[in-house]
Structures are given as C-alpha cells and as structure tokens.
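A.B. asks: Sharing a structure here in structure tokens format.
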Amino acid sequence: MASIDVPLKDGGFGSTRRTDNWWLEPLLIFLGYALFLGYSNYAVFTPMCGPTQPCYEVPGTNYLSPMYSPLLFTSAPSWWPGFIPFSAAMLILWAPAGFRFTCYYYRGAYYKGFWADPLSCAVGEPGFRGKNYRGERKFPLIMQNIHRYFLYLAIVFIVLLTWDAWRALWFPVAGGGEVFGIGLGTLIMIGNPILLGLYAFGCHSFRHLIGGRKDVMSGSSVTKSCYDCVSHLNKNHMKWAWISMFYVGGVDLYIRLCAAGTITDLRIL
Ligand code: FES
C-alpha cells in the first residue's frame, strides 16, 4: 500500500507542526513539581515555629507531620556536622523522595517538564544528548532501576504513617494518660496513608511483584484478584501520584499552622 511520510518536526528545539496545546502538559508538570519542591524545602528547613515549639507537632495532640515521620531525633545528634542546619526531616525524606524520583510515571513527567528531553511527541528536542546517549541503560540514569528497592521502603513508610494516624486518635490529658478523640487533624492524617497506598500499590514494580512476572495466573484466584486490583490502581497511577504528593504537603501545612497557633485544630469528638 502506498504511504507518505508527513514529518511533524521541522527542525530545532521546540519546533513542530503540531497545532494543539502540546506545551501545556510539560508546563503544568514543571509548575506543579516546582511548587511542591519549593514547599518541601521550606518545610524541611523550617523545623521550628517558636523558640521551643517544633512545626511538626501540635501541642495537646499526637499529630506528627508526615515530612518528619518517623521522628528519629528532636535535636541535632552529636555526629551531625555543625555547619549544616539540623532538620529531622533530612534524615528520612530521602526514602519517599527517592521512591517518587525513580517512579516510572514521574520519570516520564519530569524528563518532559524539567529536562525538556523529550519535550513532547513530535516536537524538536534540545539536542544535548550526544550520539552515545543510551537513556536508562547507562550511568547515571541506570540508577533509576533501584526503584523496586525504594518501593520496599515506601511500604515501610506507609506502615509508619498508618501508626501515626492511629496515634492521632489519642489525645494527652493533664496529669498523664491519653483519651480517645477525633480532631480535624486526625481525619486529615488518616487520609494520608490511604492516598499514599493508592499511589504506591499501583506501582509498576508492585504490579510485577504481585503477578506481572508470571506467564499465567489461572492457578490462584487470590493472586488474580490482587493483580486485577493493582492493575486498576496502576491505570490511575498518575492521578494518585499527584493527589498523594500534594496531600502530604497539605498535611504538613495543616500541622504547621496549628503548631504555630495560626489556626486551631477542630476537635470533633
Ligand atoms: S512506578 Fe510509580 S511508584 Fe512505582
């Protein structure tokens, strides 16, 4: 059958014959990540809301910011280099950050949004990749393959954040002890491991682990059901990636504002 080639690219960086708003998605990705990275840096490097009041805990509650959980140290340990301002978040955030940074979806998104390479389908690229470019098959990008190990860490973090949500159901009382209760912060904290679970359990590596590595799954209906469930989450992986990412920032912001006294936690029960 006769065919003709219709080149969509005309030449250099950004050139294309596409007439749709192809630039909108990389732009939104850039702005979304820049906003989250900006806020995360602020949260990490601003651990104190007052001389003795940390920003990651709310007095009179067991609320703990997910950006500081698990809280390994409340002040700089003796081995901490004195020239680096201490923040407990620095000790733990590398794990969830590494999980997201190496995520298959995020990679595709930030390669477009931040490196512009590729910028979009059928759009001219910057051309800074040399002839020897081998993508994720060569160092440094081959390091992205450690994603599956970050997945294991992410699952541990979901367990820890579930524990934090449970602790948020208990409120210290004067004289010692704790009573059961529910505050708006409790509900917000319960939502966090749920959304992170919807994101993490739709991971491509998790899907492989659950059943994707097998040729057939007809032998086990339980495995098949789990695989179908993970596949469903996987289809919505992008959506849960964005929602869970901004939700983590939102939980930190709520706790931070309560800790600073800017707002008061609404006690429901
Ligand atoms: S592929 Fe996105 S979290 Fe694993």
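Chains: A, B, ... in order of the structure tokens. Residues: from 1 per chain. Ligands: from 1, in order shown.
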Using only C-alpha atoms and all ligand atoms, what are the residues with an atom within 8 Å of ligand 1, set out as a list in words?
C.D. replies: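 Residues satisfying the distance criterion: Phe99, Arg100, Thr102, Cys103, Tyr104, Tyr105, Tyr106, His147, Arg148, Leu151, Tyr199, Ala200, Phe201, Gly202, Cys203, His204, Ser205, Phe206, His237, Met238 and Ala241 of chain A.
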A.B. asks: Using only C-alpha atoms, which protein or nucleic acid residues come within 8 Å of Ser65 (chain A)? Drop anything in the same chain fewer than 3 positions from it, and give the result as a list of chain:residue names.
C.D. replies: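 Here the answer would be A:Tyr56, A:Glu57, A:Tyr68, A:Ser69, A:Val251, A:Asp252, A:Ile255, A:Arg256.
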A.B. asks: Distance CA of Pro26 (chain A)-CA of Tyr111 (chain A), one decimal place?
C.D. replies: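 Going from CA of Pro26 (chain A) over to CA of Tyr111 (chain A) covers 9.1 Å.
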A.B. asks: Measure the distance from CA of Glu136 (chain A) to CA of Gly32 (chain A) in Å and round it to one decimal.
C.D. replies: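 Between these atoms lies a distance of 24.3 Å.
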A.B. asks: Quick one: residues within 9 Å of Phe73 (chain A), only C-alpha atoms counted, chain neighbours fewer than 5 positions away excluded, as a list in words?
C.D. replies: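 The contact residues come out as Ser87, Ala88 and Leu91 of chain A.
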A.B. asks: What lies within 12 Å of Asn41 (chain A) using only C-alpha atoms, ignoring chain neighbours under 5 positions off, as a count of residues only?
C.D. replies: 12
A.B. asks: Measuring atom to atom with only C-alpha atoms, identify which of A:Phe180, A:Ile92, A:Gly82, A:Gly175 is nearest to Val44 (chain A).
C.D. replies: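 When distances to Val44 (chain A) are compared using only C-alpha atoms, the smallest one comes from A:Ile92.
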A.B. asks: Which is closest to Ile263 (chain A) among A:Leu184, A:Thr223, A:Gln53, A:His232, if we use only C-alpha atoms?
C.D. replies: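 Of all the options, A:Leu184 lies closest to Ile263 (chain A).
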A.B. asks: Per residue of region 183-207 of chain A within 8 Å of region 153-170 of chain A, note the shortest atom pair and the distance in Å to one decimal, counting only C-alpha atoms, and order the rows by chain and increasing residue number, as a Markdown table.
C.D. replies:
```
| residue | atom | partner | partner_atom | distance |
| --- | --- | --- | --- | --- |
| A:Gly183 | CA | A:Leu169 | CA | 7.9 |
| A:Gly185 | CA | A:Ala168 | CA | 7.6 |
| A:Thr186 | CA | A:Ala168 | CA | 5.1 |
| A:Met189 | CA | A:Ala165 | CA | 5.3 |
| A:Ile190 | CA | A:Ala165 | CA | 5.0 |
| A:Asn192 | CA | A:Leu161 | CA | 7.5 |
| A:Pro193 | CA | A:Ile158 | CA | 5.5 |
| A:Leu196 | CA | A:Ile158 | CA | 6.9 |
| A:Gly197 | CA | A:Ile158 | CA | 6.8 |
| A:Ala200 | CA | A:Ala154 | CA | 7.3 |
```
A.B. asks: Would you mind telling me which residue in A:Leu28, A:Tyr227, A:Arg267, A:Gly14 lies nearest to Asp117 (chain A) when using only C-alpha atoms?
C.D. replies: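 Closest to Asp117 (chain A), using only C-alpha atoms: A:Gly14.
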